[in-house]
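Everything below belongs to final_11.tsv, which stores TSV, C-alpha atoms.
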```tsv
chain	number	residue	atom	x	y	z
R	1009	MET	CA	-3.08	-27.00	-21.14
R	1010	CYS	CA	-2.22	-30.04	-23.25
R	1011	ASN	CA	-0.10	-28.54	-26.02
R	1012	ASP	CA	1.08	-30.51	-29.01
R	1013	GLU	CA	4.57	-31.49	-28.01
R	1014	ASN	CA	6.76	-29.84	-30.61
R	1015	LYS	CA	4.33	-27.36	-32.16
R	1016	ALA	CA	4.67	-29.17	-35.48
R	1017	TYR	CA	1.78	-28.72	-37.87
R	1018	VAL	CA	-0.93	-31.36	-37.47
R	1019	LYS	CA	-2.91	-32.23	-40.60
R	1020	LEU	CA	-6.61	-31.45	-40.38
R	1021	LYS	CA	-7.63	-35.09	-40.62
R	1022	LYS	CA	-5.29	-36.02	-37.76
R	1023	ILE	CA	-6.44	-33.44	-35.21
R	1024	PRO	CA	-9.19	-35.58	-33.57
R	1025	GLU	CA	-6.51	-38.14	-32.70
R	1026	LYS	CA	-4.93	-35.50	-30.45
R	1027	LEU	CA	-8.10	-34.71	-28.49
R	1028	GLY	CA	-8.65	-37.80	-26.38
R	1029	LEU	CA	-11.91	-38.79	-28.07
R	1030	ASN	CA	-13.15	-42.35	-27.65
R	1031	LYS	CA	-15.21	-44.76	-29.69
R	1032	GLY	CA	-18.80	-44.50	-28.56
R	1033	ASP	CA	-18.58	-40.87	-27.43
R	1034	THR	CA	-21.50	-38.53	-27.85
R	1035	LEU	CA	-19.88	-35.36	-29.12
R	1036	LEU	CA	-21.29	-31.87	-29.65
R	1037	VAL	CA	-18.98	-29.62	-31.67
R	1038	SER	CA	-19.13	-25.82	-31.31
R	1039	SER	CA	-16.67	-24.21	-33.68
R	1040	ASP	CA	-15.28	-21.36	-35.69
R	1041	LEU	CA	-13.06	-23.01	-38.28
R	1042	LYS	CA	-11.66	-19.89	-39.94
R	1043	GLY	CA	-8.36	-19.97	-38.07
R	1044	LEU	CA	-7.98	-23.71	-38.47
R	1045	LEU	CA	-8.68	-23.65	-42.20
R	1046	PHE	CA	-6.31	-20.71	-42.67
R	1047	GLN	CA	-3.57	-22.83	-41.14
R	1048	CYS	CA	-4.44	-25.58	-43.61
R	1049	LEU	CA	-3.95	-23.18	-46.52
R	1050	GLU	CA	-0.66	-21.97	-45.03
R	1051	HIS	CA	0.62	-25.55	-44.90
R	1052	GLY	CA	-0.74	-26.86	-48.20
R	1053	ASP	CA	-3.32	-29.02	-46.41
R	1054	ALA	CA	-6.88	-29.65	-47.58
R	1055	ALA	CA	-8.93	-26.74	-46.17
R	1056	ASP	CA	-12.16	-28.73	-46.31
R	1057	PRO	CA	-14.61	-28.94	-43.37
R	1058	ASN	CA	-15.69	-32.36	-44.67
R	1059	VAL	CA	-12.21	-33.74	-44.02
R	1060	PHE	CA	-12.49	-32.67	-40.40
R	1061	LEU	CA	-16.07	-33.97	-40.13
R	1062	GLU	CA	-15.07	-37.38	-41.39
R	1063	SER	CA	-12.15	-37.56	-38.97
R	1064	LEU	CA	-14.52	-36.76	-36.09
R	1065	MET	CA	-16.89	-39.46	-37.31
R	1066	ASP	CA	-14.04	-41.92	-37.36
R	1067	ALA	CA	-12.94	-40.86	-33.86
R	1068	VAL	CA	-16.32	-41.56	-32.20
R	1069	GLY	CA	-17.13	-44.52	-34.47
R	1070	SER	CA	-20.45	-46.03	-35.45
R	1071	GLU	CA	-21.38	-46.54	-31.77
R	1072	GLY	CA	-20.90	-42.83	-31.12
R	1073	THR	CA	-23.11	-39.87	-31.99
R	1074	LEU	CA	-22.02	-36.56	-33.46
R	1075	LEU	CA	-24.04	-33.32	-33.21
R	1076	LEU	CA	-23.34	-30.06	-35.06
R	1077	PRO	CA	-25.37	-26.92	-34.25
R	1078	THR	CA	-27.40	-25.68	-37.23
R	1079	PHE	CA	-29.22	-22.96	-35.31
R	1080	ASN	CA	-31.26	-20.23	-36.99
R	1081	TRP	CA	-33.27	-17.60	-35.10
R	1082	ASP	CA	-35.39	-16.27	-37.99
R	1083	PHE	CA	-38.43	-18.21	-36.70
R	1084	CYS	CA	-38.41	-15.86	-33.69
R	1085	LYS	CA	-38.98	-12.98	-36.14
R	1086	GLY	CA	-42.02	-14.67	-37.70
R	1087	ILE	CA	-40.08	-15.96	-40.72
R	1088	THR	CA	-41.09	-19.39	-42.00
R	1089	PHE	CA	-38.72	-22.24	-41.18
R	1090	ASP	CA	-38.09	-24.61	-44.08
R	1091	TYR	CA	-36.63	-27.90	-42.85
R	1092	ARG	CA	-34.79	-28.48	-46.12
R	1093	ARG	CA	-33.71	-24.93	-46.94
R	1094	THR	CA	-33.40	-22.74	-43.84
R	1095	PRO	CA	-29.65	-22.19	-43.49
R	1096	CYS	CA	-27.39	-22.85	-40.56
R	1097	ARG	CA	-26.23	-19.64	-38.84
R	1098	THR	CA	-23.69	-21.29	-36.55
R	1099	GLY	CA	-20.60	-21.99	-38.61
R	1100	SER	CA	-19.14	-23.78	-41.59
R	1101	LEU	CA	-19.07	-27.22	-39.97
R	1102	GLY	CA	-22.85	-27.27	-39.52
R	1103	LYS	CA	-23.31	-25.93	-43.05
R	1104	ALA	CA	-21.12	-28.71	-44.43
R	1105	ALA	CA	-23.01	-31.37	-42.46
R	1106	LEU	CA	-26.39	-30.21	-43.82
R	1107	LYS	CA	-25.16	-30.83	-47.38
R	1108	ARG	CA	-24.24	-34.45	-46.62
R	1109	LYS	CA	-26.54	-37.43	-47.03
R	1110	ASP	CA	-25.09	-39.21	-43.99
R	1111	PHE	CA	-26.28	-36.46	-41.60
R	1112	VAL	CA	-29.89	-35.69	-40.72
R	1113	ARG	CA	-31.27	-32.46	-39.28
R	1114	THR	CA	-33.35	-32.40	-36.12
R	1115	LYS	CA	-36.71	-30.66	-36.35
R	1116	HIS	CA	-36.79	-27.70	-33.96
R	1117	PRO	CA	-36.89	-24.50	-36.08
R	1118	ILE	CA	-34.66	-22.47	-33.75
R	1119	TYR	CA	-32.23	-24.96	-32.20
R	1120	SER	CA	-31.72	-27.71	-34.75
R	1121	PHE	CA	-28.68	-29.97	-35.08
R	1122	ALA	CA	-27.12	-31.95	-37.89
R	1123	VAL	CA	-26.65	-35.41	-36.37
R	1124	TRP	CA	-24.84	-38.60	-37.31
R	1125	GLY	CA	-24.21	-41.93	-35.63
R	1126	LYS	CA	-25.89	-44.41	-33.33
R	1127	ASN	CA	-28.57	-42.11	-31.91
R	1128	ALA	CA	-29.15	-39.91	-34.96
R	1129	GLY	CA	-32.55	-41.52	-35.53
R	1130	ARG	CA	-33.62	-40.95	-31.95
R	1131	LEU	CA	-32.64	-37.28	-32.19
R	1132	TYR	CA	-34.41	-36.85	-35.53
R	1133	GLU	CA	-37.65	-38.25	-34.08
R	1134	MET	CA	-37.78	-35.67	-31.29
R	1135	GLU	CA	-40.80	-33.33	-31.49
R	1136	ASN	CA	-39.87	-30.95	-28.69
R	1137	LYS	CA	-41.72	-27.64	-28.58
R	1138	ASP	CA	-39.48	-26.16	-25.88
R	1139	SER	CA	-35.97	-25.40	-27.12
R	1140	PHE	CA	-34.41	-26.69	-23.89
R	1141	GLY	CA	-37.14	-29.09	-22.83
R	1142	LYS	CA	-36.80	-32.46	-21.14
R	1143	ASP	CA	-37.59	-34.03	-24.52
R	1144	SER	CA	-34.99	-31.99	-26.43
R	1145	PRO	CA	-31.52	-32.75	-27.79
R	1146	PHE	CA	-30.10	-30.73	-24.88
R	1147	ALA	CA	-31.68	-33.18	-22.43
R	1148	TYR	CA	-30.24	-36.02	-24.51
R	1149	LEU	CA	-26.76	-34.50	-24.18
R	1150	LYS	CA	-27.10	-34.52	-20.39
R	1151	GLU	CA	-28.48	-38.06	-20.32
R	1152	ALA	CA	-25.80	-39.40	-22.66
R	1153	GLY	CA	-22.88	-37.94	-20.70
R	1154	ALA	CA	-21.83	-36.06	-23.82
R	1155	LYS	CA	-18.69	-34.06	-24.45
R	1156	ASN	CA	-18.71	-30.60	-25.97
R	1157	LEU	CA	-15.75	-29.77	-28.19
R	1158	PHE	CA	-15.12	-26.02	-28.53
R	1159	ILE	CA	-12.87	-24.96	-31.39
R	1160	ASP	CA	-11.63	-21.36	-31.33
R	1161	VAL	CA	-14.83	-20.08	-29.68
R	1162	SER	CA	-15.57	-18.83	-26.16
R	1163	TYR	CA	-18.10	-20.32	-23.77
R	1164	GLN	CA	-19.84	-16.97	-23.76
R	1165	ASP	CA	-20.51	-17.11	-27.49
R	1166	SER	CA	-21.24	-20.80	-27.96
R	1167	PHE	CA	-22.16	-22.69	-24.76
R	1168	THR	CA	-25.91	-22.99	-25.45
R	1169	PHE	CA	-26.18	-26.05	-23.18
R	1170	ALA	CA	-25.88	-23.66	-20.20
R	1171	HIS	CA	-29.45	-22.46	-20.86
R	1172	TYR	CA	-30.73	-26.00	-20.36
R	1173	ALA	CA	-29.27	-25.93	-16.84
R	1174	GLU	CA	-30.76	-22.49	-16.22
R	1175	GLU	CA	-34.24	-23.62	-17.22
R	1176	TRP	CA	-34.35	-26.85	-15.25
R	1177	GLU	CA	-32.29	-26.26	-12.13
R	1178	GLY	CA	-33.05	-22.78	-10.89
R	1179	ASN	CA	-36.28	-21.16	-11.99
R	1180	VAL	CA	-33.91	-18.25	-12.59
R	1181	PRO	CA	-35.36	-14.74	-12.30
R	1182	TYR	CA	-33.69	-13.39	-15.44
R	1183	ARG	CA	-35.17	-15.75	-18.06
R	1184	TYR	CA	-38.66	-16.93	-18.93
R	1185	VAL	CA	-40.28	-19.26	-21.46
R	1186	LYS	CA	-41.63	-17.37	-24.47
R	1187	ASP	CA	-43.68	-18.76	-27.36
R	1188	PHE	CA	-42.92	-17.94	-31.01
R	1189	THR	CA	-45.33	-18.68	-33.85
R	1190	ALA	CA	-44.52	-18.76	-37.57
R	1191	GLY	CA	-44.78	-20.91	-40.67
R	1192	TYR	CA	-43.11	-24.33	-40.75
R	1193	ILE	CA	-42.35	-26.37	-43.87
R	1194	ASP	CA	-41.53	-29.96	-42.99
R	1195	GLU	CA	-39.25	-32.45	-44.72
R	1196	GLN	CA	-42.04	-33.45	-47.15
R	1197	GLY	CA	-42.72	-29.82	-48.09
R	1198	ARG	CA	-45.97	-29.54	-46.11
R	1199	GLU	CA	-46.56	-26.09	-44.63
R	1200	GLU	CA	-48.47	-25.15	-41.50
R	1201	VAL	CA	-48.33	-22.63	-38.67
R	1202	ARG	CA	-46.56	-23.91	-35.55
R	1203	THR	CA	-45.59	-22.60	-32.13
R	1204	TYR	CA	-42.27	-23.28	-30.40
R	1205	SER	CA	-40.81	-21.85	-27.22
R	1206	MET	CA	-37.47	-20.65	-25.97
R	1207	PHE	CA	-36.09	-19.74	-22.55
R	1208	VAL	CA	-35.31	-16.11	-23.30
R	1209	ARG	CA	-33.57	-13.31	-21.43
R	1210	ASP	CA	-35.78	-10.84	-19.56
R	1211	LEU	CA	-34.68	-7.66	-21.31
R	1212	ASP	CA	-36.15	-5.52	-18.51
R	1213	LYS	CA	-33.50	-6.94	-16.19
R	1214	ASN	CA	-30.62	-5.88	-18.44
R	1215	VAL	CA	-29.20	-9.41	-18.60
R	1216	HIS	CA	-25.66	-9.94	-19.90
R	1217	VAL	CA	-24.48	-13.50	-20.57
R	1218	THR	CA	-20.96	-14.12	-19.27
R	1219	ILE	CA	-20.37	-17.89	-18.74
R	1220	ASN	CA	-16.60	-17.48	-19.30
R	1221	PRO	CA	-16.02	-17.14	-15.51
R	1222	MET	CA	-17.15	-20.79	-15.27
R	1223	GLU	CA	-13.88	-21.76	-16.97
R	1224	LYS	CA	-12.00	-21.67	-13.67
R	1225	GLN	CA	-14.54	-23.98	-12.03
R	1226	PHE	CA	-14.47	-26.35	-15.00
R	1227	ALA	CA	-10.68	-26.56	-14.85
R	1228	GLU	CA	-10.49	-27.03	-11.07
R	1229	ALA	CA	-13.06	-29.85	-11.22
R	1230	GLY	CA	-11.26	-31.64	-14.05
R	1231	ALA	CA	-14.28	-31.15	-16.30
R	1232	VAL	CA	-12.33	-29.76	-19.26
R	1233	ARG	CA	-9.20	-30.60	-21.20
R	1234	VAL	CA	-7.55	-27.75	-23.08
R	1235	TYR	CA	-5.34	-28.08	-26.15
R	1236	GLU	CA	-3.53	-25.80	-28.55
R	1237	ILE	CA	-3.10	-27.29	-32.02
R	1238	ASN	CA	-1.83	-25.34	-35.02
R	1239	GLY	CA	-2.17	-22.17	-32.98
R	1240	VAL	CA	-5.89	-22.79	-32.38
R	1241	ASP	CA	-7.54	-23.34	-28.99
R	1242	PHE	CA	-9.53	-26.54	-28.40
R	1243	ARG	CA	-11.53	-27.33	-25.26
R	1244	LEU	CA	-13.15	-30.70	-24.57
R	1245	LEU	CA	-15.78	-30.29	-21.85
R	1246	ASP	CA	-17.56	-33.07	-19.94
R	1247	LEU	CA	-21.17	-31.84	-19.97
R	1248	ASP	CA	-22.30	-33.92	-17.01
R	1249	LYS	CA	-19.60	-32.43	-14.78
R	1250	ALA	CA	-20.22	-28.97	-16.22
R	1251	TYR	CA	-23.95	-29.28	-15.51
R	1252	GLY	CA	-23.30	-29.96	-11.83
R	1253	LEU	CA	-21.06	-26.91	-11.54
R	1254	MET	CA	-23.57	-24.67	-13.31
R	1255	LYS	CA	-26.36	-26.00	-11.08
R	1256	LYS	CA	-24.32	-25.03	-8.03
R	1257	ASP	CA	-23.75	-21.54	-9.43
R	1258	ILE	CA	-27.47	-21.12	-10.19
R	1259	LEU	CA	-28.75	-22.38	-6.83
R	1260	HIS	CA	-26.10	-21.03	-4.45
R	1261	ASN	CA	-24.36	-18.15	-6.23
R	1262	ARG	CA	-27.27	-16.32	-7.93
R	1263	SER	CA	-25.79	-17.33	-11.33
R	1264	ARG	CA	-22.92	-14.90	-10.88
R	1265	ASN	CA	-20.58	-16.94	-13.09
R	1266	LEU	CA	-23.19	-17.45	-15.81
R	1267	CYS	CA	-24.51	-13.93	-16.24
R	1268	THR	CA	-25.16	-10.54	-14.72
R	1269	TYR	CA	-28.61	-9.02	-14.29
R	1270	GLU	CA	-30.35	-6.24	-12.40
R	1271	GLY	CA	-31.22	-7.34	-8.88
R	1272	GLN	CA	-28.49	-10.01	-8.79
R	1273	GLU	CA	-26.80	-8.53	-5.72
R	1274	GLU	CA	-29.99	-8.12	-3.68
```

Please go through the file and, once you have read it, give me the structure as structure tokens.
Amino acid sequence: MCNDENKAYVKLKKIPEKLGLNKGDTLLVSSDLKGLLFQCLEHGDAADPNVFLESLMDAVGSEGTLLLPTFNWDFCKGITFDYRRTPCRTGSLGKAALKRKDFVRTKHPIYSFAVWGKNAGRLYEMENKDSFGKDSPFAYLKEAGAKNLFIDVSYQDSFTFAHYAEEWEGNVPYRYVKDFTAGYIDEQGREEVRTYSMFVRDLDKNVHVTINPMEKQFAEAGAVRVYEINGVDFRLLDLDKAYGLMKKDILHNRSRNLCTYEGQEE
């Protein structure tokens, strides 16, 4: 673990400098900022997600690309997705990004992202039906050699990219592609009925996502750097290296590190 040397408080806007980010990086941020913002309040610092967002933008620079999950699963329940109004259900950083004019939201009604930087336009133009399709932002993350920054969250709760590997590298027996149909209101306010798909768990197989056991493999392969800053855990994961390790687990280990399911030991 790469700990801050003297445990001194690091201002919110200075944290990205401690994480080994580079200009030109493609960075996906999965986060729970409650602990981090509490530390800001304790130290008289600005407890503002926008301060952190702007410091991340500065860290990757104009040649980099920043993605924040703005996922919402209401579409799966038949509830209309409104591109401009459907809220983010995946944390305060995504919520803050959706309120900014310098971020744009991608179009998938279940797995959307707020994006900024060099390839924001390319991501916005994607029309993928399949959540984890070869034409989706998840495929872009693999292609771009992206990094995934985890802030105070576990892989089990936030590593959605793992499902992209499951769909495309294993034909796994515990998930299948399922269509969902509901209303869709686009950026111009036009409404229609659309169908999108997701690689869902087979509930009959009693599937339990684990993923956290992959942490040992990530560490041993040098795929992740771990930090503790202001008492909060940060992990910076190389998604290309992680993909290869997950592929190996899927193909040769019956996905034992990614999940458990009935029939796994057969």

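Those residues that approach Pro1095 (chain R) to within 9 Å, counting only C-alpha atoms, are Thr1078, Phe1079, Asn1080, Asp1090, Lys1103 and Leu1106 of chain R; same-chain residues fewer than 5 positions away are not listed.
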
Please list as a PDB file with C-alpha atoms, in the frame of the given file every residue within 8 Å of Leu1036 (chain R), counting all atoms listed in the file and excluding residues in the same chain fewer than 4 positions away.
```pdb
ATOM      1  CA  LEU R1074     -22.020 -36.560 -33.460  1.00  0.00           C
ATOM      2  CA  LEU R1075     -24.040 -33.320 -33.210  1.00  0.00           C
ATOM      3  CA  LEU R1076     -23.340 -30.060 -35.060  1.00  0.00           C
ATOM      4  CA  PRO R1077     -25.370 -26.920 -34.250  1.00  0.00           C
ATOM      5  CA  ALA R1154     -21.830 -36.060 -23.820  1.00  0.00           C
ATOM      6  CA  LYS R1155     -18.690 -34.060 -24.450  1.00  0.00           C
ATOM      7  CA  ASN R1156     -18.710 -30.600 -25.970  1.00  0.00           C
ATOM      8  CA  LEU R1157     -15.750 -29.770 -28.190  1.00  0.00           C
TER       9      LEU R1157
END
```

Give me, as a ChimeraX atom specification, all polymer residues having an atom no more than 12 Å from Tyr1182 (chain R), counting only C-alpha atoms and skipping those fewer than 5 positions away in the same chain. /R:1171,1174-1175,1207-1217,1258,1262-1264,1266-1272

Polymer residues at most 8 Å from region 1189-1195 of chain R, only C-alpha atoms, same-chain spacing of 6 or more positions, as a PyMOL selection string: chain R and resi 1083-1084+1086-1092+1117+1201-1204

Can you tell me which residues surround Lys1150 (chain R) at a distance of at most 8 Å, considering only C-alpha atoms, apart from same-chain residues fewer than 5 positions away, and format the answer as a ChimeraX atom specification? /R:1247-1248,1251

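The gap separating CA of Thr1073 (chain R) from CA of Thr1114 (chain R) is 13.3 Å, in Å to one decimal.
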
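The residue that comes closest to Pro1181 (chain R), out of R:Ala1054, R:Leu1045, R:Ala1067, R:Leu1259 and on the basis of only C-alpha atoms, is R:Leu1259.
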
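Using all atoms listed in the file for every distance, the candidate list R:Phe1060, R:Asn1127, R:Glu1274, R:Asp1160 yields R:Asp1160 as the residue closest to Ile1237 (chain R).
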
What gap, in Å, lies between CA of Lys1249 (chain R) and CA of Val1232 (chain R)? 8.9 Å

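Pairwise distance (CA of Phe1158 (chain R), CA of Leu1245 (chain R)) equals 8.0 Å.
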
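You can rank R:Leu1044, R:Ile1159, R:Met1206, R:Met1134 by their closest distance to Lys1115 (chain R) using only C-alpha atoms, and at the top of that list sits R:Met1134.
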
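Closest approach to Lys1109 (chain R) among R:Val1240, R:Trp1124, R:Gly1153, R:Ser1039 is made by R:Trp1124 (distances from all atoms listed in the file).
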
Nearest-residue call for Gly1043 (chain R), choices R:Gln1225, R:Ser1100, R:Ser1070, R:Gln1196, using only C-alpha atoms: R:Ser1100

From the options R:Asp1066, R:Asp1138, R:Asp1040, R:Asp1246, which residue's atoms come nearest to Trp1176 (chain R), counting all atoms listed in the file? R:Asp1138

Could you work out an axis-aligned bounding box for all listed atoms of region 1181-1193 of chain R, with 6 Å added on each of the six sides, and give its centre and edge lengths in Å to one decimal, as lines of an AutoDock Vina configuration file?
```
center_x = -39.5
center_y = -19.9
center_z = -28.1
size_x = 23.6
size_y = 25.0
size_z = 43.6
```
